[in-house]
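The file run33.cif contains mmCIF, C-alpha atoms:
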```cif
data_target
loop_
_atom_site.label_atom_id
_atom_site.label_comp_id
_atom_site.auth_asym_id
_atom_site.auth_seq_id
_atom_site.Cartn_x
_atom_site.Cartn_y
_atom_site.Cartn_z
CA MET B 1 81.17 49.46 46.24
CA ALA B 2 78.98 51.21 48.77
CA ASP B 3 76.48 50.00 51.34
CA LEU B 4 73.89 51.88 49.33
CA TRP B 5 74.30 49.30 46.61
CA THR B 6 75.05 46.14 48.57
CA SER B 7 71.93 46.69 50.65
CA LYS B 8 69.89 46.49 47.48
CA LEU B 9 71.54 43.35 46.18
CA SER B 10 69.52 40.95 48.30
CA GLU B 11 66.26 42.41 47.13
CA TYR B 12 67.58 42.42 43.58
CA ILE B 13 68.33 38.71 43.85
CA ASP B 14 64.86 38.07 45.27
CA GLY B 15 63.25 40.09 42.51
CA THR B 16 61.47 42.36 44.94
CA LEU B 17 63.06 45.68 43.97
CA PRO B 18 60.85 48.24 42.27
CA ALA B 19 61.63 48.63 38.59
CA PRO B 20 63.57 51.92 38.85
CA ASP B 21 65.80 50.52 41.61
CA ARG B 22 66.28 47.29 39.71
CA GLN B 23 67.43 49.14 36.63
CA ALA B 24 69.75 51.28 38.73
CA VAL B 25 71.32 48.18 40.30
CA GLU B 26 71.80 46.59 36.89
CA ARG B 27 73.52 49.72 35.59
CA HIS B 28 75.74 49.82 38.65
CA LEU B 29 76.72 46.18 38.34
CA VAL B 30 77.98 46.83 34.83
CA ASP B 31 80.42 49.43 36.17
CA CYS B 32 81.36 48.04 39.61
CA ALA B 33 83.44 44.86 39.65
CA GLU B 34 83.42 44.73 43.45
CA CYS B 35 79.63 44.70 43.58
CA ARG B 36 79.54 42.03 40.92
CA VAL B 37 81.64 39.81 43.20
CA VAL B 38 79.34 40.45 46.16
CA PHE B 39 76.35 39.81 43.96
CA ALA B 40 77.78 36.46 42.81
CA ASP B 41 78.63 35.47 46.38
CA LEU B 42 75.16 36.31 47.65
CA ARG B 43 73.63 34.30 44.87
CA THR B 44 75.81 31.39 45.90
CA VAL B 45 74.58 31.68 49.48
CA VAL B 46 70.96 31.75 48.33
CA THR B 47 71.50 28.79 46.02
CA GLU B 48 73.20 26.73 48.72
CA ALA B 49 70.47 27.54 51.21
CA SER B 50 67.72 26.41 48.88
CA ALA B 51 69.63 23.20 48.20
CA LEU B 52 69.99 22.17 51.84
CA THR B 53 68.65 18.69 52.40
CA ASP B 54 66.75 17.47 55.40
CA THR B 55 68.43 14.88 57.56
CA PRO B 56 66.95 12.59 60.18
CA PRO B 57 67.57 12.96 63.91
CA THR B 58 70.43 10.89 65.25
CA SER B 59 68.06 8.80 67.34
CA ASP B 60 64.48 7.65 66.95
CA LEU B 61 62.26 10.15 68.72
CA TRP B 62 59.03 8.22 68.32
CA GLN B 63 59.17 6.43 71.65
CA GLY B 64 59.32 9.77 73.43
CA ILE B 65 56.34 10.99 71.46
CA ALA B 66 54.34 7.81 72.02
CA GLY B 67 55.03 8.14 75.71
CA ARG B 68 53.46 11.58 75.72
CA ILE B 69 50.39 10.47 73.83
CA SER B 70 47.83 8.95 76.15
CA VAL B 71 47.93 5.19 76.14
CA GLY B 72 45.28 3.32 78.02
CA GLY B 73 45.76 0.11 79.97
CA ASP B 74 44.09 -1.66 77.06
CA GLY B 75 47.04 -0.79 74.86
CA ILE B 76 44.92 1.46 72.75
CA TYR B 77 46.01 5.00 72.09
CA HIS B 78 43.48 7.47 73.33
CA LEU B 79 43.16 10.97 72.05
CA PRO B 80 43.46 13.76 74.56
CA THR B 81 40.27 14.74 76.25
CA ALA B 82 40.13 18.04 74.43
CA GLN B 83 39.80 16.21 71.14
CA ARG B 84 36.83 14.18 72.15
CA GLN B 85 33.39 15.47 71.88
CA HIS B 86 31.64 16.05 75.12
CA SER B 87 30.00 12.86 76.18
CA ARG B 88 26.33 12.82 75.57
CA ARG B 89 23.62 10.89 77.25
CA ILE B 90 22.82 7.99 74.96
CA SER B 91 19.33 8.38 73.65
CA PHE B 92 17.96 6.51 70.68
CA THR B 93 14.84 4.81 69.56
CA ILE B 94 14.34 1.05 69.41
CA PRO B 95 14.19 1.03 65.57
CA GLN B 96 17.43 3.01 65.45
CA LEU B 97 19.06 0.56 67.79
CA ILE B 98 17.88 -2.42 65.77
CA ALA B 99 19.04 -0.87 62.48
CA ALA B 100 22.43 -0.05 63.92
CA GLY B 101 22.76 -3.54 65.38
CA ILE B 102 21.93 -5.22 62.08
CA ALA B 103 24.39 -3.03 60.26
CA LEU B 104 27.13 -3.85 62.74
CA VAL B 105 26.49 -7.58 62.45
CA ILE B 106 26.62 -7.41 58.67
CA LEU B 107 29.76 -5.31 58.73
CA SER B 108 31.65 -7.36 61.25
CA GLY B 109 30.79 -10.53 59.33
CA SER B 110 31.23 -9.71 55.69
CA VAL B 111 34.00 -7.16 56.00
CA GLY B 112 35.81 -9.28 58.52
CA ARG B 113 35.70 -12.28 56.21
CA PHE B 114 37.15 -10.20 53.43
CA LEU B 115 39.89 -8.74 55.54
CA VAL B 116 40.86 -12.08 56.98
CA SER B 117 40.71 -14.17 53.79
CA GLY B 118 41.13 -11.55 51.13
CA PRO B 119 41.97 -12.60 47.61
CA ALA B 120 45.65 -11.71 47.79
CA SER B 121 47.11 -13.49 50.76
CA ASP B 122 50.58 -12.14 50.04
CA ALA B 123 49.40 -8.55 49.92
CA PRO B 124 51.12 -6.28 52.45
CA ARG B 125 49.31 -6.11 55.76
CA LEU B 126 47.58 -2.81 55.71
CA PRO B 127 46.88 -0.64 58.70
CA GLY B 128 43.38 -0.86 59.95
CA SER B 129 42.78 -4.58 60.31
CA ASP B 130 43.52 -4.28 64.00
CA LEU B 131 42.17 -0.84 64.57
CA PRO B 132 40.89 0.01 67.99
CA VAL B 133 37.31 1.07 68.46
CA LEU B 134 36.76 4.50 67.01
CA GLN B 135 37.22 7.14 69.62
CA VAL B 136 36.42 10.46 68.03
CA THR B 137 33.68 11.63 65.77
CA THR B 138 34.69 15.18 65.09
CA PRO B 139 33.59 16.88 61.89
CA GLY B 140 37.27 17.35 61.08
CA SER B 141 37.96 13.64 61.15
CA ARG B 142 34.93 12.93 58.98
CA VAL B 143 36.09 15.53 56.45
CA ALA B 144 39.49 13.88 56.39
CA VAL B 145 37.95 10.43 55.94
CA ASN B 146 35.76 11.67 53.10
CA GLN B 147 38.76 13.24 51.39
CA ALA B 148 40.74 10.04 51.71
CA LEU B 149 37.80 8.02 50.36
CA VAL B 150 37.63 10.19 47.25
CA GLU B 151 41.33 9.69 46.59
CA LEU B 152 41.14 5.95 47.19
CA GLN B 153 38.19 5.73 44.85
CA GLN B 154 40.27 7.36 42.11
CA ILE B 155 42.96 4.76 42.63
CA LEU B 156 40.46 1.93 42.47
CA GLU B 157 38.80 3.32 39.38
CA ALA B 158 42.14 3.53 37.62
CA GLY B 159 43.24 0.10 38.80
CA ARG B 160 40.07 -1.85 38.13
CA GLY B 161 41.72 -3.72 35.29
CA GLU B 162 44.38 -5.09 37.63
CA LEU B 163 41.92 -6.93 39.86
CA ASP B 164 40.12 -10.15 39.03
CA SER B 165 36.36 -10.26 38.81
CA THR B 166 35.96 -12.22 42.07
CA THR B 167 37.86 -9.60 44.03
CA ILE B 168 35.89 -6.80 42.42
CA GLY B 169 32.68 -8.61 43.24
CA ILE B 170 33.61 -9.01 46.90
CA LEU B 171 34.67 -5.42 47.19
CA GLU B 172 31.58 -4.03 45.55
CA THR B 173 29.29 -6.20 47.65
CA ASN B 174 30.94 -5.17 50.88
CA LEU B 175 31.14 -1.53 49.91
CA ALA B 176 27.46 -1.57 49.09
CA ILE B 177 26.71 -2.99 52.54
CA ILE B 178 28.83 -0.36 54.18
CA ASP B 179 27.26 2.41 52.15
CA ARG B 180 23.81 1.25 53.19
CA ALA B 181 24.93 1.25 56.80
CA ILE B 182 26.29 4.76 56.40
CA GLU B 183 23.07 5.91 54.82
CA GLN B 184 21.04 4.41 57.66
CA ALA B 185 23.23 6.03 60.25
CA GLN B 186 23.00 9.39 58.52
CA LYS B 187 19.22 9.16 58.43
CA ALA B 188 19.11 8.21 62.08
CA ILE B 189 21.39 11.09 62.99
CA ALA B 190 19.24 13.50 61.01
CA ALA B 191 16.33 12.47 63.23
CA ASP B 192 18.39 12.59 66.40
CA PRO B 193 21.45 14.81 65.88
CA ALA B 194 22.46 14.78 69.52
CA ASN B 195 22.70 11.01 69.75
CA GLY B 196 26.32 10.26 70.58
CA TYR B 197 25.97 6.56 69.95
CA LEU B 198 24.80 7.12 66.40
CA GLN B 199 27.58 9.64 65.79
CA ASP B 200 30.11 7.08 66.92
CA HIS B 201 28.45 4.40 64.84
CA LEU B 202 28.58 6.56 61.70
CA ALA B 203 32.23 7.38 62.25
CA ALA B 204 33.06 3.72 62.86
CA THR B 205 31.24 2.69 59.69
CA MET B 206 33.04 5.32 57.63
CA ARG B 207 36.25 4.07 59.05
CA GLN B 208 35.38 0.51 58.06
CA LYS B 209 34.88 1.76 54.54
CA LEU B 210 38.19 3.57 54.64
CA VAL B 211 40.02 0.47 55.78
CA LEU B 212 38.36 -1.71 53.16
CA MET B 213 39.07 0.72 50.33
CA ARG B 214 42.60 1.16 51.52
CA GLN B 215 43.12 -2.57 51.43
CA ALA B 216 41.67 -2.67 47.94
CA ALA B 217 43.95 0.15 46.83
CA GLY B 218 46.83 -1.83 48.27
CA LEU B 219 45.86 -4.76 46.08
CA VAL B 220 45.96 -2.52 43.03
CA GLY B 221 49.41 -1.35 44.01
CA THR B 222 50.80 -4.86 44.48
CA THR B 223 49.51 -6.16 41.18
CA SER B 224 50.80 -3.26 39.09
CA MET N 225 27.68 1.10 43.94
CA ASP N 226 30.34 0.62 41.31
CA VAL N 227 33.41 2.36 42.61
CA PHE N 228 35.54 1.19 39.75
CA SER N 229 33.63 2.14 36.67
CA ARG N 230 33.66 5.89 36.80
CA GLY N 231 36.66 7.33 34.98
CA ALA N 232 38.39 3.98 34.76
CA GLY N 233 41.74 4.27 33.09
CA ALA N 234 41.71 8.02 33.33
CA LEU N 235 44.88 8.02 35.42
CA THR N 236 48.24 6.80 34.23
CA LYS N 237 50.30 4.63 36.53
CA GLN N 238 52.44 7.61 37.47
CA GLN N 239 49.39 9.77 38.08
CA ARG N 240 47.94 7.02 40.22
CA THR N 241 51.11 6.90 42.24
CA THR N 242 50.79 10.61 42.72
CA ALA N 243 47.15 10.20 43.58
CA ILE N 244 47.98 7.78 46.35
CA ASN N 245 48.02 10.48 48.90
CA GLN N 246 49.36 8.40 51.71
CA ASP N 247 49.21 11.31 54.08
CA ALA N 248 45.51 11.88 53.54
CA VAL N 249 44.72 8.29 54.43
CA GLU N 250 47.03 8.23 57.43
CA VAL N 251 45.68 11.55 58.66
CA ALA N 252 42.15 10.23 58.44
CA LEU N 253 43.07 7.14 60.42
CA ALA N 254 45.13 9.09 62.94
CA ALA N 255 42.34 11.61 63.42
CA SER N 256 40.09 8.74 64.36
CA GLY N 257 42.49 7.63 67.06
CA ASP N 258 44.87 5.29 65.25
CA ALA N 259 48.29 6.12 66.65
CA SER N 260 50.03 3.63 64.39
CA ALA N 261 48.88 5.74 61.44
CA PHE N 262 50.25 8.78 63.22
CA GLU N 263 53.54 6.98 63.71
CA ARG N 264 53.75 6.45 59.98
CA LEU N 265 53.15 10.17 59.49
CA TYR N 266 55.89 10.84 61.99
CA HIS N 267 58.39 8.71 60.10
CA ARG N 268 57.47 10.40 56.84
CA HIS N 269 57.89 13.94 58.13
CA VAL N 270 60.36 13.81 61.00
CA ASP N 271 63.39 14.66 58.87
CA ARG N 272 61.90 17.94 57.74
CA VAL N 273 60.66 18.95 61.17
CA HIS N 274 63.91 18.04 62.86
CA SER N 275 65.97 19.89 60.27
CA LEU N 276 63.81 22.96 60.71
CA ALA N 277 64.19 22.81 64.48
CA ARG N 278 67.93 22.27 64.23
CA ARG N 279 68.37 25.25 61.94
CA MET N 280 65.97 27.55 63.76
CA ILE N 281 67.04 26.85 67.32
CA ASP N 282 69.96 24.67 68.25
CA PHE N 283 71.11 21.16 67.69
CA GLU N 284 70.86 20.34 71.39
CA LEU N 285 67.20 21.34 71.54
CA ALA N 286 66.15 19.94 68.17
CA ASP N 287 65.14 16.49 69.46
CA GLU N 288 63.01 17.88 72.24
CA VAL N 289 61.35 20.49 70.04
CA THR N 290 60.67 17.90 67.34
CA GLN N 291 58.87 15.76 69.89
CA ASP N 292 56.91 18.81 71.02
CA VAL N 293 55.85 19.45 67.44
CA PHE N 294 54.52 15.93 66.90
CA VAL N 295 52.73 15.81 70.24
CA ARG N 296 51.15 19.13 69.37
CA ALA N 297 50.23 17.83 65.91
CA TRP N 298 48.53 14.80 67.50
CA GLU N 299 46.56 17.07 69.79
CA LYS N 300 45.57 19.39 66.94
CA LEU N 301 44.96 16.78 64.27
CA HIS N 302 41.22 17.17 64.53
CA THR N 303 41.61 20.77 63.34
CA PHE N 304 43.28 19.70 60.10
CA ARG N 305 40.72 20.33 57.40
CA GLY N 306 42.71 19.20 54.40
CA GLU N 307 42.73 22.57 52.65
CA ALA N 308 46.51 22.28 52.43
CA ALA N 309 48.73 19.23 52.29
CA PHE N 310 49.37 17.65 55.65
CA GLY N 311 53.09 18.38 55.29
CA THR N 312 52.36 22.07 54.82
CA TRP N 313 50.06 22.12 57.83
CA LEU N 314 52.61 20.30 59.95
CA HIS N 315 55.41 22.59 58.85
CA ARG N 316 53.48 25.70 59.81
CA LEU N 317 52.63 24.10 63.13
CA ALA N 318 56.33 23.32 63.63
CA VAL N 319 57.30 26.92 62.95
CA ASN N 320 54.74 28.08 65.50
CA VAL N 321 55.96 25.64 68.13
CA ILE N 322 59.57 26.64 67.50
CA LEU N 323 58.83 30.33 67.68
CA ALA N 324 56.78 29.87 70.82
CA ARG N 325 59.73 28.07 72.31
CA ARG N 326 61.88 31.06 71.63
CA GLY N 327 59.84 33.22 73.91
CA THR N 328 57.30 35.95 73.70
CA LEU N 329 57.09 38.33 70.78
CA GLY N 330 58.25 41.16 72.97
CA GLN N 331 61.37 39.27 73.91
CA GLN N 332 61.96 38.46 70.30
CA ARG N 333 61.71 42.09 69.23
CA LYS N 334 64.19 42.96 71.94
CA ARG N 335 66.50 40.25 70.70
CA PHE N 336 66.31 41.60 67.17
CA VAL N 337 67.37 45.01 68.37
CA GLU N 338 70.08 43.70 70.64
CA SER N 339 71.57 41.21 68.22
CA GLU N 340 73.43 43.78 66.20
CA ALA N 341 76.80 42.44 67.29
CA PRO N 342 79.09 41.77 64.34
CA LEU N 343 79.67 38.23 63.20
CA GLN N 344 83.42 38.03 63.55
CA THR N 345 83.05 34.92 65.63
CA MET N 346 81.95 33.01 62.59
CA PRO N 347 84.66 30.53 61.63
CA SER N 348 86.08 30.42 58.15
CA ARG N 349 85.03 27.82 55.66
CA SER N 350 86.82 24.51 55.90
CA SER N 351 89.29 23.72 53.14
CA GLU N 352 87.28 20.94 51.55
CA PRO N 353 83.76 22.02 52.30
CA ALA N 354 80.65 20.07 51.61
CA ALA N 355 78.51 23.07 50.80
CA GLY N 356 75.38 22.03 52.66
CA MET N 357 77.16 20.89 55.79
CA ASP N 358 79.28 23.99 55.80
CA LEU N 359 76.30 26.27 55.50
CA GLU N 360 74.53 24.35 58.27
CA GLN N 361 77.53 24.97 60.51
CA ALA N 362 77.72 28.63 59.57
CA LEU N 363 74.04 29.12 60.37
CA THR N 364 74.66 28.33 64.00
CA HIS N 365 76.90 31.37 64.29
CA LEU N 366 74.33 33.85 63.05
CA PRO N 367 72.53 36.07 65.54
CA LYS N 368 69.17 34.52 66.40
CA GLY N 369 67.06 37.08 64.58
CA ALA N 370 69.02 36.98 61.34
CA ARG N 371 69.18 33.20 61.56
CA GLN N 372 65.43 32.79 61.88
CA VAL N 373 64.70 35.11 58.99
CA PHE N 374 67.34 33.46 56.81
CA VAL N 375 66.04 29.95 57.50
CA LEU N 376 62.41 30.91 56.98
CA HIS N 377 63.11 32.85 53.78
CA ASP N 378 66.01 31.19 52.00
CA VAL N 379 65.66 27.62 53.24
CA GLU N 380 61.93 27.27 53.82
CA GLY N 381 60.68 29.67 51.18
CA TYR N 382 58.43 31.93 53.23
CA ARG N 383 57.86 35.49 52.00
CA HIS N 384 58.88 38.53 54.01
CA GLU N 385 55.24 39.37 54.57
CA GLU N 386 54.65 35.98 56.17
CA ILE N 387 57.86 36.10 58.17
CA ALA N 388 57.04 39.56 59.47
CA THR N 389 53.69 38.28 60.69
CA MET N 390 55.17 35.15 62.26
CA LEU N 391 57.95 36.99 64.04
CA GLY N 392 56.02 40.15 64.85
CA LEU N 393 58.37 42.36 62.87
CA ALA N 394 58.09 45.07 60.27
CA GLU N 395 58.59 43.70 56.76
CA GLY N 396 61.55 46.03 56.32
CA THR N 397 63.21 44.53 59.39
CA SER N 398 62.78 41.07 57.93
CA LYS N 399 64.45 42.22 54.70
CA SER N 400 67.34 43.88 56.47
CA GLN N 401 67.90 40.85 58.71
CA LEU N 402 67.93 38.60 55.67
CA HIS N 403 70.51 40.76 53.92
CA ARG N 404 72.57 40.87 57.06
CA ALA N 405 72.51 37.09 57.37
CA ARG N 406 73.43 36.61 53.72
CA MET N 407 76.35 39.03 53.98
CA ALA N 408 77.61 37.25 57.09
CA LEU N 409 77.34 33.85 55.45
CA ARG N 410 79.01 35.22 52.35
CA GLU N 411 81.94 36.40 54.46
CA HIS N 412 82.19 32.93 55.95
CA LEU N 413 81.89 31.04 52.71
CA THR N 414 84.44 33.16 50.85
CA ARG N 415 87.10 33.36 53.55
#
```
Please re-express this file's structure in structure tokens.
Amino acid sequence: MADLWTSKLSEYIDGTLPAPDRQAVERHLVDCAECRVVFADLRTVVTEASALTDTPPTSDLWQGIAGRISVGGDGIYHLPTAQRQHSRRISFTIPQLIAAGIALVILSGSVGRFLVSGPASDAPRLPGSDLPVLQVTTPGSRVAVNQALVELQQILEAGRGELDSTTIGILETNLAIIDRAIEQAQKAIAADPANGYLQDHLAATMRQKLVLMRQAAGLVGTTS
Amino acid sequence: MDVFSRGAGALTKQQRTTAINQDAVEVALAASGDASAFERLYHRHVDRVHSLARRMIDFELADEVTQDVFVRAWEKLHTFRGEAAFGTWLHRLAVNVILARRGTLGQQRKRFVESEAPLQTMPSRSSEPAAGMDLEQALTHLPKGARQVFVLHDVEGYRHEEIATMLGLAEGTSKSQLHRARMALREHLTR
């Protein structure tokens, strides 16, 4: 056995040796019992390393993390300042304000009724029913919400047969209301892109949809 | 809008379970300011982050570094675009936080050069070893440079090219450090 050969064994195991070197190592292993032992040992090390399992910390670290995330006096977690968009002077037209107000009233009424007295009273309480007021409206968060909505929609499509017609009716009615509100907000933003209020309103509405669809997906899960 | 009709029944129950990308939903909620969603993400991923920190640095610092990683993740959550799984994004973030903790790249390079001391201090394998636990113990006796490369390559599955970039090393140095770590661990495990 020589260092010349052992130094190549790791790369041989990883399959990263060029073909001529690989063939040379294979020929050498046939003749050198000592290198075969090293080779087997190294493979054992690699196998054991890849089989290591993750273990939890000995104590719960969440409290320390929560303490370092900004928490307001209202008990609501607030994102760091850097994450928020720069505050903008609120500027919107009367029709925009009226449309947004109507949408909010509809949402808080019909969605709230569904969330409070949903069809499956024993369904697990899903996150979102007590969500704080939306605090960020970054493009990143909207992309994430849209992605989540697509995935939830797939779940609902697949699980439609597990829900009764009344539940489906309620969901579709409320989702249609929310979608109209989203559409209105998007149109208003297109006319006034710098309007922070409308940006917040759109994000809040999308979040309402996310919460509703998540609850619906939870119903599918509990009935399957 | 009929959200249920399109492609109904296209997914099997198992596929649906897979499709329930809990992380994506929690990330969306957390990104909008819901810390309870972020807490659920924490509980789902803390084992992996803590294990990485424990293996890459030291047991004593693992708790603190793990907290740093999650605080950093909360601060950077708005930059998560969903191109990769959240777990992958978080893991890469954790590696960055851990490496930053270890000092500047210049100091690291120096450490790689200086850490050529032999590994005779490594204890022999216990008589009735539980392989994983034993390897975890042995890792702590590796020189820092070899240890980082070994963990990133053999435990976490990064390629030498990626490791070289992360650690500011030549790819050849990453390969030689990996071989060195494996030989040292082999000595330990076969004693």
Kindly indicate which residue among B:Gln147, B:Gln186, B:Gln215, B:Ser7 lies nearest to Val38 (chain B), using only C-alpha atoms for the distances.
->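 Closest to Val38 (chain B), using only C-alpha atoms: B:Ser7.
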Just say which residues the PyMOL selection byres ((chain N and resi 375) around 10) picks in this file, as a ChimeraX atom specification.
-> /B:49-50 /N:276,279-280,363,370-374,376-382,402,405
Considering all atoms listed in the file, state which residue in the set B:Ala194, B:Ala148, B:Val45, B:Ala203 is at the smallest distance from Ala252 (chain N).
->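 Going through B:Ala194, B:Ala148, B:Val45, B:Ala203 one by one, the smallest distance to Ala252 (chain N) is for B:Ala148.
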Nearest to chain N, chosen from B:Asp54, B:Leu29, B:Phe39, B:Leu219, with all atoms listed in the file counted in the distances =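 Nearest to chain N: B:Asp54.
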I would like the residues chosen by the PyMOL selection byres ((chain N and resi 311) around 10) on the shown file; could you give them as a count of residues only?
-> 15
Selection under test: the PyMOL selection byres ((chain B and resi 65) around 10); residues as a PyMOL selection string | (chain B and resi 60-64+66-70) or (chain N and resi 263+266+288+290-296+298)
Can you tell me how far CA of Arg207 (chain B) sits from CA of Val145 (chain B), in Å to one decimal?
-> 7.3 Å
Point out the residue among B:Leu198, B:Leu163, B:Leu149, B:Leu212 with the least atom-to-atom distance to Ile177 (chain B), counting only C-alpha atoms.
->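 For Ile177 (chain B), the nearest of the given residues is B:Leu212.
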Find the residues near Ala394 (chain N): any atom within 10 Å, counting only C-alpha atoms, skip ones fewer than 6 places away on the same chain, and give them as number ranges by chain.
-> N: 384-385, 387-388
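Of note, CA of Leu156 (chain B) and CA of Thr205 (chain B) are spaced 19.5 Å apart.
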Straight-line distance linking CA of Glu411 (chain N) with CA of Leu4 (chain B), stated in Å to one decimal | 18.2 Å
Which of these, B:Glu162, B:Asp41, B:Asp21, B:Asp192, has the shortest distance to chain N once you count only C-alpha atoms?
->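 Closest to chain N of all the choices is B:Asp41.
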Nearest candidate to chain B (options N:Leu391, N:Leu366, N:Ala324, N:Ala255; using all atoms listed in the file) |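 Comparing N:Leu391, N:Leu366, N:Ala324, N:Ala255 against chain B, the winner is N:Ala255.
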Would it be fine to have region 252-288 of chain N, with C-alpha atoms, given as a PDB file, in the first residue's frame?
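Everything below was put into result.pdb:
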```
ATOM      1  CA  ALA N 252     -46.635  32.032   3.029  1.00  0.00           C
ATOM      2  CA  LEU N 253     -48.281  32.737   6.365  1.00  0.00           C
ATOM      3  CA  ALA N 254     -44.988  33.430   8.107  1.00  0.00           C
ATOM      4  CA  ALA N 255     -43.902  35.765   5.331  1.00  0.00           C
ATOM      5  CA  SER N 256     -47.040  37.755   5.954  1.00  0.00           C
ATOM      6  CA  GLY N 257     -46.151  38.172   9.604  1.00  0.00           C
ATOM      7  CA  ASP N 258     -47.648  35.103  11.252  1.00  0.00           C
ATOM      8  CA  ALA N 259     -45.052  33.998  13.786  1.00  0.00           C
ATOM      9  CA  SER N 260     -47.097  30.993  14.855  1.00  0.00           C
ATOM     10  CA  ALA N 261     -46.670  29.637  11.324  1.00  0.00           C
ATOM     11  CA  PHE N 262     -42.957  30.300  11.634  1.00  0.00           C
ATOM     12  CA  GLU N 263     -42.924  28.418  14.916  1.00  0.00           C
ATOM     13  CA  ARG N 264     -44.389  25.420  13.156  1.00  0.00           C
ATOM     14  CA  LEU N 265     -41.634  25.679  10.558  1.00  0.00           C
ATOM     15  CA  TYR N 266     -39.133  25.835  13.387  1.00  0.00           C
ATOM     16  CA  HIS N 267     -40.429  22.638  14.953  1.00  0.00           C
ATOM     17  CA  ARG N 268     -40.359  20.879  11.606  1.00  0.00           C
ATOM     18  CA  HIS N 269     -36.771  21.817  10.779  1.00  0.00           C
ATOM     19  CA  VAL N 270     -34.969  22.374  14.059  1.00  0.00           C
ATOM     20  CA  ASP N 271     -33.566  18.848  14.283  1.00  0.00           C
ATOM     21  CA  ARG N 272     -31.756  19.175  10.991  1.00  0.00           C
ATOM     22  CA  VAL N 273     -30.414  22.643  11.678  1.00  0.00           C
ATOM     23  CA  HIS N 274     -29.286  21.759  15.170  1.00  0.00           C
ATOM     24  CA  SER N 275     -27.589  18.573  13.997  1.00  0.00           C
ATOM     25  CA  LEU N 276     -25.773  20.510  11.305  1.00  0.00           C
ATOM     26  CA  ALA N 277     -24.611  23.112  13.814  1.00  0.00           C
ATOM     27  CA  ARG N 278     -23.538  20.456  16.292  1.00  0.00           C
ATOM     28  CA  ARG N 279     -21.489  18.636  13.683  1.00  0.00           C
ATOM     29  CA  MET N 280     -20.020  21.723  12.043  1.00  0.00           C
ATOM     30  CA  ILE N 281     -19.106  23.677  15.146  1.00  0.00           C
ATOM     31  CA  ASP N 282     -19.422  22.343  18.653  1.00  0.00           C
ATOM     32  CA  PHE N 283     -22.088  20.937  20.871  1.00  0.00           C
ATOM     33  CA  GLU N 284     -21.793  23.857  23.288  1.00  0.00           C
ATOM     34  CA  LEU N 285     -22.477  26.413  20.567  1.00  0.00           C
ATOM     35  CA  ALA N 286     -25.121  24.451  18.673  1.00  0.00           C
ATOM     36  CA  ASP N 287     -28.112  25.854  20.578  1.00  0.00           C
ATOM     37  CA  GLU N 288     -27.023  29.438  20.143  1.00  0.00           C
TER      38      GLU N 288
END
```
